[in-house]
Amino acid sequence: MAGLMAPVTFDENGKPIVDVTESSQKKDKERKLGSELGKEDFLMLLVTQMQYQDPLEPTDNTEYVTQLAQFSELEAMQNLNETANVSTAYSLVGKEVVIQHENSTGDVIEFQGTVQYVTIQNGEAYVTVDGERYPYSEVVQVIDPYYLISTFLPSVSKQHLEYYHQDPQDLVVEGLSLGSHGYEAKSFAVALMRVDDSSKTVTIDPKYLSFEKGKLTIDREALESVDAGKYYVGFVFDNADKTVVYEEVTLEIKGIVQKPADPDNGSGSGGTDSGSDGNTDSSTGSGSEGSTGSGTTGTENSGSAGS
């Protein structure tokens with residue numbers, strides 16, 4: 001404890017003076033203004049208190065014992081805190097973290113990376129990210145690996161779409177991502193599923209789909225025969241995880257399906273009958289059978305008229 005004693009001098013009357021100036025409390029580095037008192041400061045104050053006590057009314061020994069007990073408790077808590085920090089720092093190896101670091105110009109930069117390893121120097125833990133070492137205290141966020149993977153999977157932004165049979169328009173789905181970091185999909189399928197009855201689904205033919213820069217366009221023709229109602233627009237991606245997203249995009253179809261008019265079969269058959277029953281010279285039947293038939297009939301008729 002001698003190293004913790006403050007220098008003692010004597011005045012002209014022989015009274016001891018304890019030097020507790022800022023310079024006397026320097027050990028390896030200067031104290032920063034506003035920093036918390038440490039265990040060495042606590043001992044310094046305790047020794048100073050003992051030296052400056054009134055000799056006529058000395059401090060009770062019990063009070064010193066109490067202060068020493070408080071000091072021991074403080075030291076144990078500090079050691080426990082250091083041990084906990086070191087243990088926690090070791091557990092970060094291989095995990096994705098967010099670091100806020102103050103550079104030489106005083107600017108605070110924030111970045112994300114994977115902790116490669118942890119080192120301990122003078123009781124303080126340091127994490128190494130992308131080959132650079134940073135104090136453990138600069139780690140502000142630790143990202144769960146499963147959550148991290150989920151951010152790499154294919155995804156679709158949450159949105160609501162509407163389609164009107166009386167005024168059909170192409171549907172545009174925004175914010176469609178095929179994934180990243182090895183979890184990408186090369187293609188996907190799209191289907192509509194009724195909100196009130198999941199057994200009723202409508203698969204969209206790929207010929208009606210066009211995708212570019214995160215935007216999917218569904219041609220209006222794909223929805224012409226779909227009944228009115230509320231649907232989920234489901235996506236099935238072909239990545240390794242076979243990601244399925246079906247509740248992010250909702251679609252409400254309104255109006256009545258416009259059924260095409262029935263063809264006039266009677267008019268078509270009448271035209272065919274007229275061609276076969278009329279003058280052979282005016283017959284326009286296609287194919288070799290129509291031409292041969294017309295020529296044979298014309299020869300026979302002319303022969304009968306000559307006799």
# chains A, B, ... in the order shown; residues from 1 in each chain; ligands from 1

call {"tool": "closest_atom_pairs", "arguments": {"of": "segment 60-174 of chain A", "to": "segment 217-224 of chain A", "cutoff": "8 Å", "atoms": "only C-alpha atoms", "output": "tab-separated table"}}
result
residue	atom	partner	partner_atom	distance
A:His165	CA	A:Glu224	CA	6.9
A:Pro168	CA	A:Arg220	CA	6.0
A:Gln169	CA	A:Arg220	CA	5.4
A:Asp170	CA	A:Arg220	CA	4.5
A:Leu171	CA	A:Ile218	CA	5.0
A:Val172	CA	A:Thr217	CA	4.5
A:Val173	CA	A:Thr217	CA	6.4

call {"tool": "write_last_selection", "arguments": {"atoms": "C-alpha atoms", "output": "compact mmCIF listing (two decimals), in the first residue's frame"}}
result
# COMPACT_ATOMS: atom_id res chain seq x y z
CA HIS A 165 -62.92 -5.86 -64.25
CA PRO A 168 -58.61 -3.63 -66.26
CA GLN A 169 -55.03 -2.46 -65.68
CA ASP A 170 -51.70 -4.23 -65.27
CA LEU A 171 -50.71 -4.93 -61.66
CA VAL A 172 -47.31 -3.74 -60.43
CA VAL A 173 -45.71 -5.32 -57.35

call {"tool": "closest_atom_pairs", "arguments": {"of": "segment 126-217 of chain A", "to": "segment 249-255 of chain A", "cutoff": "9 Å", "atoms": "only C-alpha atoms", "output": "tab-separated table"}}
result
residue	atom	partner	partner_atom	distance
A:Val156	CA	A:Val249	CA	7.6
A:Ser157	CA	A:Val249	CA	7.4
A:Lys158	CA	A:Val249	CA	5.6
A:Gln159	CA	A:Val249	CA	5.1
A:His160	CA	A:Thr250	CA	4.8
A:Leu161	CA	A:Leu251	CA	4.7
A:Glu162	CA	A:Glu252	CA	4.9
A:Tyr163	CA	A:Ile253	CA	4.8
A:Tyr164	CA	A:Lys254	CA	4.9
A:His165	CA	A:Gly255	CA	5.2
A:Gln166	CA	A:Gly255	CA	6.4
A:Val173	CA	A:Val249	CA	8.0
A:Leu192	CA	A:Leu251	CA	8.4
A:Val195	CA	A:Thr250	CA	8.8

call {"tool": "residues_around", "arguments": {"residues": "Ser155 of chain A", "least_positions_apart": "3", "cutoff": "10 Å", "atoms": "only C-alpha atoms", "output": "ChimeraX atom specification"}}
result
/A:150-152,158,175-179,235,237,243-245,248

call {"tool": "select_by_dssp", "arguments": {"residues": "segment 89-269 of chain A", "states": "alpha helix (DSSP H)", "output": "VMD selection string"}}
result
chain A and resid 89 to 90 145 to 152 265 to 269

call {"tool": "closest_residue", "arguments": {"among": "A:Val97, A:Val236, A:Leu56, A:Leu148", "to": "Ala189 of chain A", "atoms": "only C-alpha atoms"}}
result
A:Val236

call {"tool": "atom_distance", "arguments": {"atom1": "atom CA of Pro206 of chain A", "atom2": "atom CA of Phe188 of chain A"}}
result
9.2 Å

call {"tool": "closest_residue", "arguments": {"among": "A:Gln141, A:Ser199, A:Gln70, A:Ser91", "to": "Leu43 of chain A", "atoms": "only C-alpha atoms"}}
result
A:Gln70

call {"tool": "closest_residue", "arguments": {"among": "A:Asp205, A:Val233, A:Gln258, A:Ser137", "to": "Tyr246 of chain A", "atoms": "only C-alpha atoms"}}
result
A:Val233

call {"tool": "closest_residue", "arguments": {"among": "A:Val93, A:Met50, A:Ala185, A:Ile256", "to": "Tyr136 of chain A", "atoms": "only C-alpha atoms"}}
result
A:Val93

call {"tool": "decode", "arguments": {"residues": "segment 109-135 of chain A", "atoms": "N, CA and C atoms", "output": "compact mmCIF listing (two decimals), in the first residue's frame"}}
result
# COMPACT_ATOMS: atom_id res chain seq x y z
N ILE A 109 -18.17 6.84 -36.99
CA ILE A 109 -18.63 6.04 -38.12
C ILE A 109 -19.23 4.74 -37.61
N GLU A 110 -20.27 4.29 -38.29
CA GLU A 110 -20.95 3.04 -37.90
C GLU A 110 -20.87 2.05 -39.06
N PHE A 111 -20.50 0.83 -38.76
CA PHE A 111 -20.40 -0.19 -39.79
C PHE A 111 -20.71 -1.56 -39.19
N GLN A 112 -20.93 -2.51 -40.07
CA GLN A 112 -21.32 -3.87 -39.67
C GLN A 112 -20.29 -4.87 -40.20
N GLY A 113 -19.99 -5.89 -39.39
CA GLY A 113 -19.04 -6.91 -39.81
C GLY A 113 -19.05 -8.10 -38.87
N THR A 114 -18.27 -9.11 -39.22
CA THR A 114 -18.18 -10.34 -38.43
C THR A 114 -16.94 -10.31 -37.55
N VAL A 115 -17.11 -10.66 -36.27
CA VAL A 115 -15.99 -10.70 -35.33
C VAL A 115 -15.12 -11.91 -35.66
N GLN A 116 -13.84 -11.66 -35.97
CA GLN A 116 -12.93 -12.73 -36.34
C GLN A 116 -12.28 -13.36 -35.12
N TYR A 117 -11.84 -12.52 -34.18
CA TYR A 117 -11.29 -13.04 -32.92
C TYR A 117 -11.29 -11.93 -31.88
N VAL A 118 -11.03 -12.32 -30.63
CA VAL A 118 -11.06 -11.39 -29.50
C VAL A 118 -9.72 -11.45 -28.79
N THR A 119 -9.18 -10.31 -28.42
CA THR A 119 -7.93 -10.25 -27.66
C THR A 119 -8.16 -9.47 -26.37
N ILE A 120 -7.34 -9.78 -25.35
CA ILE A 120 -7.40 -9.10 -24.07
C ILE A 120 -6.06 -8.42 -23.83
N GLN A 121 -6.11 -7.11 -23.58
CA GLN A 121 -4.89 -6.35 -23.33
C GLN A 121 -5.12 -5.44 -22.13
N ASN A 122 -4.26 -5.60 -21.10
CA ASN A 122 -4.37 -4.82 -19.86
C ASN A 122 -5.78 -4.91 -19.26
N GLY A 123 -6.34 -6.11 -19.35
CA GLY A 123 -7.65 -6.34 -18.77
C GLY A 123 -8.81 -5.84 -19.59
N GLU A 124 -8.55 -5.25 -20.76
CA GLU A 124 -9.60 -4.73 -21.62
C GLU A 124 -9.74 -5.59 -22.87
N ALA A 125 -10.99 -5.86 -23.26
CA ALA A 125 -11.26 -6.73 -24.40
C ALA A 125 -11.32 -5.91 -25.68
N TYR A 126 -10.80 -6.52 -26.76
CA TYR A 126 -10.85 -5.92 -28.08
C TYR A 126 -11.38 -6.95 -29.08
N VAL A 127 -12.21 -6.49 -30.00
CA VAL A 127 -12.73 -7.36 -31.05
C VAL A 127 -12.08 -6.97 -32.37
N THR A 128 -11.79 -7.96 -33.20
CA THR A 128 -11.20 -7.72 -34.51
C THR A 128 -12.23 -7.99 -35.59
N VAL A 129 -12.53 -6.96 -36.38
CA VAL A 129 -13.52 -7.04 -37.46
C VAL A 129 -12.85 -6.59 -38.75
N ASP A 130 -12.89 -7.45 -39.76
CA ASP A 130 -12.26 -7.13 -41.06
C ASP A 130 -10.80 -6.75 -40.90
N GLY A 131 -10.12 -7.43 -39.97
CA GLY A 131 -8.69 -7.20 -39.77
C GLY A 131 -8.33 -6.01 -38.91
N GLU A 132 -9.30 -5.22 -38.45
CA GLU A 132 -9.06 -4.06 -37.61
C GLU A 132 -9.54 -4.33 -36.19
N ARG A 133 -8.78 -3.84 -35.21
CA ARG A 133 -9.12 -4.08 -33.81
C ARG A 133 -9.87 -2.88 -33.23
N TYR A 134 -10.94 -3.17 -32.47
CA TYR A 134 -11.75 -2.13 -31.86
C TYR A 134 -12.05 -2.51 -30.41
N PRO A 135 -12.16 -1.52 -29.51
CA PRO A 135 -12.54 -1.82 -28.13
C PRO A 135 -13.92 -2.48 -28.06
